[in-house]
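Data from structure_28.csv: CSV, C-alpha atoms
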chain,number,residue,atom,x,y,z
A,1,PHE,CA,-0.5,-7.2,15.0
A,2,LYS,CA,-3.1,-9.4,13.2
A,3,ASN,CA,-2.8,-12.8,11.6
A,4,ARG,CA,-3.8,-13.5,8.0
A,5,ASN,CA,-5.8,-16.7,7.4
A,6,SER,CA,-6.3,-18.0,3.9
A,7,TYR,CA,-8.8,-20.8,2.9
A,8,ASN,CA,-8.5,-22.3,-0.6
A,9,VAL,CA,-10.4,-25.0,-2.5
A,10,SER,CA,-9.5,-26.3,-5.9
A,11,ILE,CA,-12.0,-28.3,-8.1
A,12,GLY,CA,-10.8,-29.6,-11.5
A,13,VAL,CA,-12.4,-31.6,-14.2
A,14,SER,CA,-10.2,-33.1,-16.9
A,15,ARG,CA,-11.3,-34.6,-20.1
A,16,VAL,CA,-9.6,-36.4,-23.1
A,17,ILE,CA,-11.5,-35.0,-26.1
A,18,SER,CA,-9.6,-37.0,-28.7
A,19,LYS,CA,-6.2,-38.7,-29.2
A,20,ARG,CA,-4.7,-35.2,-29.7
A,21,LEU,CA,-6.7,-32.9,-27.5
A,22,GLN,CA,-7.0,-32.8,-23.7
A,23,MET,CA,-8.8,-30.1,-21.7
A,24,MET,CA,-9.2,-29.2,-18.0
A,25,LEU,CA,-11.6,-26.9,-16.3
A,26,THR,CA,-10.7,-25.6,-12.8
A,27,VAL,CA,-12.5,-23.5,-10.2
A,28,GLU,CA,-10.5,-22.3,-7.2
A,29,PRO,CA,-12.5,-20.2,-4.7
A,30,ALA,CA,-10.6,-18.6,-1.9
A,31,PHE,CA,-11.3,-16.5,1.2
A,32,GLN,CA,-8.8,-14.4,3.2
A,33,GLU,CA,-9.3,-12.7,6.5
A,34,GLY,CA,-7.1,-10.8,8.9
A,35,LEU,CA,-4.4,-8.2,8.1
A,36,LEU,CA,-4.7,-7.8,4.3
A,37,SER,CA,-3.1,-4.4,4.2
A,38,THR,CA,0.7,-4.0,3.7
A,39,PRO,CA,2.2,-1.9,6.5
A,40,PHE,CA,5.0,-0.4,4.4
A,41,HIS,CA,2.7,0.8,1.6
A,42,ARG,CA,2.3,4.6,2.0
A,43,VAL,CA,-0.6,6.6,0.8
A,44,TYR,CA,-0.5,10.3,0.1
A,45,PHE,CA,-3.8,12.2,0.3
A,46,THR,CA,-5.0,15.3,-1.6
A,47,ASP,CA,-4.0,17.5,1.3
A,48,ASN,CA,-0.5,15.9,1.4
A,49,THR,CA,-1.3,13.9,4.5
A,50,LEU,CA,0.6,10.6,4.7
A,51,LYS,CA,-0.8,7.4,6.1
A,52,VAL,CA,-0.3,3.7,5.9
A,53,GLU,CA,-2.4,1.7,3.4
A,54,LYS,CA,-5.7,0.5,4.9
A,55,LEU,CA,-7.8,-2.3,3.3
A,56,PRO,CA,-10.8,-4.4,4.4
A,57,GLY,CA,-10.1,-7.4,6.7
A,58,GLN,CA,-11.8,-9.9,4.4
A,59,ARG,CA,-11.5,-10.7,0.7
A,60,ALA,CA,-13.2,-13.4,-1.4
A,61,LYS,CA,-11.7,-14.5,-4.7
A,62,LEU,CA,-13.1,-16.6,-7.5
A,63,PRO,CA,-10.7,-17.7,-10.3
A,64,MET,CA,-12.0,-20.0,-13.0
A,65,SER,CA,-9.8,-21.4,-15.8
A,66,VAL,CA,-9.7,-23.7,-18.7
A,67,ARG,CA,-6.6,-25.4,-20.1
A,68,ALA,CA,-6.2,-27.1,-23.5
A,69,ASN,CA,-3.3,-29.2,-24.7
A,70,TYR,CA,-3.1,-30.2,-28.4
A,71,PHE,CA,-0.6,-32.7,-29.6
A,72,MET,CA,0.2,-31.8,-33.2
A,73,GLY,CA,2.5,-34.9,-33.8
A,74,ASP,CA,5.5,-36.4,-32.2
A,75,ARG,CA,7.5,-33.1,-32.3
A,76,VAL,CA,5.0,-30.3,-31.4
A,77,ILE,CA,2.8,-29.8,-28.4
A,78,PHE,CA,0.6,-26.7,-28.2
A,79,ARG,CA,-0.6,-25.6,-24.7
A,80,THR,CA,-3.2,-22.9,-24.1
A,81,PHE,CA,-4.7,-21.4,-21.0
A,82,TYR,CA,-7.5,-18.9,-20.1
A,83,ARG,CA,-8.4,-17.6,-16.7
A,84,TYR,CA,-11.2,-15.3,-15.5
A,85,TYR,CA,-10.8,-13.8,-12.0
A,86,MET,CA,-13.1,-11.7,-9.8
A,87,ASP,CA,-13.1,-10.8,-6.1
A,88,SER,CA,-15.1,-8.9,-3.5
A,89,TRP,CA,-12.8,-5.8,-3.8
A,90,GLY,CA,-14.1,-5.1,-7.3
A,91,MET,CA,-11.2,-6.5,-9.3
A,92,THR,CA,-11.8,-8.5,-12.5
A,93,ALA,CA,-9.1,-10.0,-14.7
A,94,HIS,CA,-8.6,-12.0,-17.9
A,95,THR,CA,-5.4,-14.0,-18.6
A,96,VAL,CA,-4.6,-15.7,-21.8
A,97,SER,CA,-1.4,-17.7,-22.4
A,98,ALA,CA,0.0,-20.0,-25.1
A,99,GLU,CA,3.2,-22.1,-25.2
A,100,THR,CA,4.5,-24.4,-27.9
A,101,SER,CA,7.1,-27.1,-27.3
A,102,VAL,CA,8.9,-28.0,-30.5
A,103,LYS,CA,11.1,-31.1,-30.4
A,104,ILE,CA,14.2,-30.3,-32.6
A,105,ASN,CA,15.6,-33.8,-32.1
A,106,SER,CA,15.3,-36.7,-29.6
A,107,PHE,CA,16.9,-34.6,-26.7
A,108,LEU,CA,16.6,-30.9,-27.6
A,109,SER,CA,13.3,-28.8,-27.4
A,110,PHE,CA,12.5,-25.2,-28.1
A,111,THR,CA,9.6,-23.6,-26.1
A,112,PRO,CA,8.3,-20.1,-27.1
A,113,HIS,CA,5.6,-18.7,-24.8
A,114,TYR,CA,3.3,-15.7,-24.5
A,115,ARG,CA,0.9,-14.5,-21.8
A,116,PHE,CA,-1.4,-11.5,-21.7
A,117,ASN,CA,-3.3,-10.2,-18.7
A,118,SER,CA,-5.8,-7.4,-18.3
A,119,GLN,CA,-7.2,-6.3,-14.9
A,120,THR,CA,-9.3,-3.6,-13.4
A,121,ALA,CA,-8.4,-1.8,-10.2
A,122,VAL,CA,-9.8,-2.7,-6.8
A,123,LYS,CA,-12.4,-0.1,-5.7
A,124,TYR,CA,-10.0,1.2,-2.9
A,125,PHE,CA,-7.2,2.1,-5.3
A,126,ALA,CA,-6.3,5.7,-6.2
A,127,ALA,CA,-3.0,7.2,-7.5
A,128,TYR,CA,-0.6,9.5,-5.7
A,129,GLN,CA,-2.4,12.3,-3.9
A,130,LYS,CA,-5.8,11.3,-5.2
A,131,HIS,CA,-7.3,9.8,-2.0
A,132,THR,CA,-9.4,12.0,0.3
A,133,LEU,CA,-9.4,11.7,4.1
A,134,SER,CA,-13.1,10.9,4.1
A,135,GLU,CA,-12.4,7.5,2.6
A,136,GLN,CA,-12.6,4.4,4.9
A,137,TYR,CA,-10.2,2.3,2.9
A,138,TYR,CA,-7.3,3.4,0.7
A,139,THR,CA,-4.3,2.1,-1.3
A,140,SER,CA,-2.0,3.3,-4.0
A,141,ASP,CA,-0.4,-0.1,-4.6
A,142,TYR,CA,-0.1,-0.4,-8.4
A,143,ASP,CA,-0.2,-4.2,-8.3
A,144,ILE,CA,-3.9,-4.0,-7.6
A,145,SER,CA,-4.5,-1.1,-9.9
A,146,GLY,CA,-5.9,-1.4,-13.5
A,147,PHE,CA,-3.4,-2.3,-16.1
A,148,ASN,CA,-2.6,-4.6,-19.0
A,149,SER,CA,0.6,-6.7,-19.0
A,150,ALA,CA,2.4,-9.0,-21.5
A,151,PHE,CA,5.1,-11.6,-20.9
A,152,TRP,CA,6.8,-13.3,-23.8
A,153,GLY,CA,10.0,-15.3,-24.4
A,154,ALA,CA,11.4,-18.7,-25.1
A,155,GLY,CA,13.2,-21.6,-23.5
A,156,LEU,CA,15.7,-24.3,-24.6
A,157,ARG,CA,15.6,-27.7,-23.0
A,158,ILE,CA,18.2,-30.5,-23.3
A,159,ALA,CA,17.5,-34.0,-22.0
A,160,PRO,CA,19.9,-36.5,-23.6
A,161,PRO,CA,19.2,-40.3,-23.0
A,162,GLY,CA,22.6,-40.7,-21.3
A,163,GLY,CA,22.1,-37.7,-19.0
A,164,ILE,CA,23.8,-34.3,-19.1
A,165,LEU,CA,27.5,-34.6,-19.7
A,166,GLY,CA,27.1,-38.4,-19.5
A,167,ASN,CA,25.7,-38.3,-15.9
A,168,ARG,CA,22.6,-40.5,-15.8
A,169,TRP,CA,21.5,-38.9,-12.5
A,170,TRP,CA,21.4,-35.4,-14.2
A,171,ASN,CA,18.4,-35.8,-16.5
A,172,SER,CA,17.6,-32.4,-18.0
A,173,LEU,CA,18.6,-28.8,-18.2
A,174,GLU,CA,16.5,-25.8,-19.3
A,175,VAL,CA,17.3,-22.1,-19.8
A,176,ARG,CA,14.3,-19.7,-20.2
A,177,TYR,CA,14.2,-16.0,-21.0
A,178,GLY,CA,11.1,-13.8,-20.6
A,179,HIS,CA,10.4,-10.1,-21.2
A,180,TYR,CA,7.6,-8.6,-19.0
A,181,ASN,CA,6.0,-5.2,-19.4
A,182,ARG,CA,2.8,-3.5,-18.2
A,183,THR,CA,1.0,-0.4,-19.1
A,184,ASN,CA,1.7,1.4,-15.8
A,185,GLY,CA,5.4,1.5,-16.6
A,186,MET,CA,7.0,-1.7,-15.2
A,187,VAL,CA,9.4,-3.5,-17.4
A,188,SER,CA,11.6,-6.5,-16.5
A,189,HIS,CA,13.8,-9.2,-18.0
A,190,ILE,CA,13.7,-12.7,-16.5
A,191,ILE,CA,16.3,-15.5,-17.0
A,192,SER,CA,15.7,-18.8,-15.3
A,193,LEU,CA,17.6,-22.0,-15.2
A,194,SER,CA,16.0,-25.3,-14.1
A,195,THR,CA,17.3,-28.8,-13.9
A,196,LYS,CA,16.1,-32.3,-13.1
A,197,ILE,CA,18.3,-34.6,-10.9
A,198,LYS,CA,17.4,-38.2,-10.0
Let me see whether you can do it: turn the structure in this file into structure tokens.
Amino acid sequence: FKNRNSYNVSIGVSRVISKRLQMMLTVEPAFQEGLLSTPFHRVYFTDNTLKVEKLPGQRAKLPMSVRANYFMGDRVIFRTFYRYYMDSWGMTAHTVSAETSVKINSFLSFTPHYRFNSQTAVKYFAAYQKHTLSEQYYTSDYDISGFNSAFWGAGLRIAPPGGILGNRWWNSLEVRYGHYNRTNGMVSHIISLSTKIK
């Protein structure tokens, strides 16, 4: 049994560009060492041999992102986000997302959102029965394979001045729906409920 140690640093610079536009640049280098393989991930080789996933004991990551929020008036806020990611296992990724908060009235808001991600596979990935026994490292985990994904949906938030159902300690309630799909076949529907209590 080996431990896994993770070291993270986050550096951010925020700037108010104008009365309506705010931007933030973030760099978050990270380093992991220890057991980075997942013991229950099985790998089938070309000769039908079965082994447990084996990955290097170190991984360096470098995500860099920029965020921009634009206030289009009292009722509309437009939020955008872009992230570039690279690591020492050979993966690169691009993520773009956008969300708009539209104030319907003083206490009701509608928030449509969309996120797109595209990533390359780590150099140790191969599909079912594609690895050979001569390889030092191997994985068939599709989470670190190459794929494109999209996540879209909307939320409805209520925050009346007198509190939810007249309870001042119950400040807000939000229901969100999201549809997620990616090009290697995964599809999911996500419903979340969040609330704020003081």
Residues near region 153-167 of chain A, cut-off 6 Å, all atoms listed in the file, skip fewer than 3 positions along chain, as a PDB file with C-alpha atoms, in the frame of the given file:
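Result saved to selection_23.pdb:
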ATOM      1  CA  PHE A 107      16.900 -34.600 -26.700  1.00  0.00           C
ATOM      2  CA  LEU A 108      16.600 -30.900 -27.600  1.00  0.00           C
ATOM      3  CA  SER A 109      13.300 -28.800 -27.400  1.00  0.00           C
ATOM      4  CA  PHE A 110      12.500 -25.200 -28.100  1.00  0.00           C
ATOM      5  CA  THR A 111       9.600 -23.600 -26.100  1.00  0.00           C
ATOM      6  CA  PRO A 112       8.300 -20.100 -27.100  1.00  0.00           C
ATOM      7  CA  HIS A 113       5.600 -18.700 -24.800  1.00  0.00           C
ATOM      8  CA  TRP A 170      21.400 -35.400 -14.200  1.00  0.00           C
ATOM      9  CA  ASN A 171      18.400 -35.800 -16.500  1.00  0.00           C
ATOM     10  CA  SER A 172      17.600 -32.400 -18.000  1.00  0.00           C
ATOM     11  CA  LEU A 173      18.600 -28.800 -18.200  1.00  0.00           C
ATOM     12  CA  GLU A 174      16.500 -25.800 -19.300  1.00  0.00           C
ATOM     13  CA  VAL A 175      17.300 -22.100 -19.800  1.00  0.00           C
ATOM     14  CA  ARG A 176      14.300 -19.700 -20.200  1.00  0.00           C
ATOM     15  CA  TYR A 177      14.200 -16.000 -21.000  1.00  0.00           C
ATOM     16  CA  GLY A 178      11.100 -13.800 -20.600  1.00  0.00           C
TER      17      GLY A 178
END
Can you list, as a list in words, every protein, DNA or RNA residue that comes within 8 Å of Val27 (chain A) when you count all atoms listed in the file, leaving out same-chain residues fewer than 4 positions away? Ser10, Ile11, Gly12, Leu62, Pro63, Met64 and Ser65 of chain A
Between CA of Lys196 (chain A) and CA of Asn105 (chain A), what is the distance, to one decimal in Å?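 Taking CA of Lys196 (chain A) and CA of Asn105 (chain A), their separation equals 19.1 Å.
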Distance criterion (only C-alpha atoms): nearest to Gly146 (chain A) out of A:Leu35, A:Ser188, A:Leu133, A:Ala93: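 Of A:Leu35, A:Ser188, A:Leu133, A:Ala93, the one nearest Gly146 (chain A) is A:Ala93, counting only C-alpha atoms.
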Do a neighbour search on Met186 (chain A) at 10 Å with only C-alpha atoms, toss out local chain neighbours closer than 4 positions, and write the hits as a PyMOL selection string. chain A and resi 142+149+180-182
Considering all atoms listed in the file, state which residue in the set A:Val43, A:Asn69, A:Asp74, A:Lys61 is at the smallest distance from Ser106 (chain A).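 Counting all atoms listed in the file, the residue closest to Ser106 (chain A) is A:Asp74.
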Separation of CA of Phe78 (chain A) and CA of Ala98 (chain A), in Å?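 Spanning CA of Phe78 (chain A) to CA of Ala98 (chain A) is a straight-line distance of 7.4 Å.
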CA of Met72 (chain A) and CA of Arg115 (chain A) are how many Å apart?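 Going from CA of Met72 (chain A) over to CA of Arg115 (chain A) covers 20.7 Å.
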When you count only C-alpha atoms, which of these residues is closest to Ser140 (chain A): A:Lys198, A:His179, A:Lys51, A:Arg20?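 Distance minimum relative to Ser140 (chain A) lands on A:Lys51.
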Shortest interatomic distance to Asn48 (chain A) - which of A:Tyr70, A:Tyr84, A:Trp169, A:Tyr128, counting all atoms listed in the file: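 For Asn48 (chain A), the nearest of the candidates is A:Tyr128.
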From A:Ile197, A:Val9, A:Ala30, A:Val102, residue lying nearest Arg168 (chain A) [all atoms listed in the file]: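 Among the listed residues, A:Ile197 lies closest to Arg168 (chain A).
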Residue among A:Phe71, A:Tyr82, A:Trp152, A:Tyr137 lying closest to Leu21 (chain A), counting all atoms listed in the file: A:Phe71
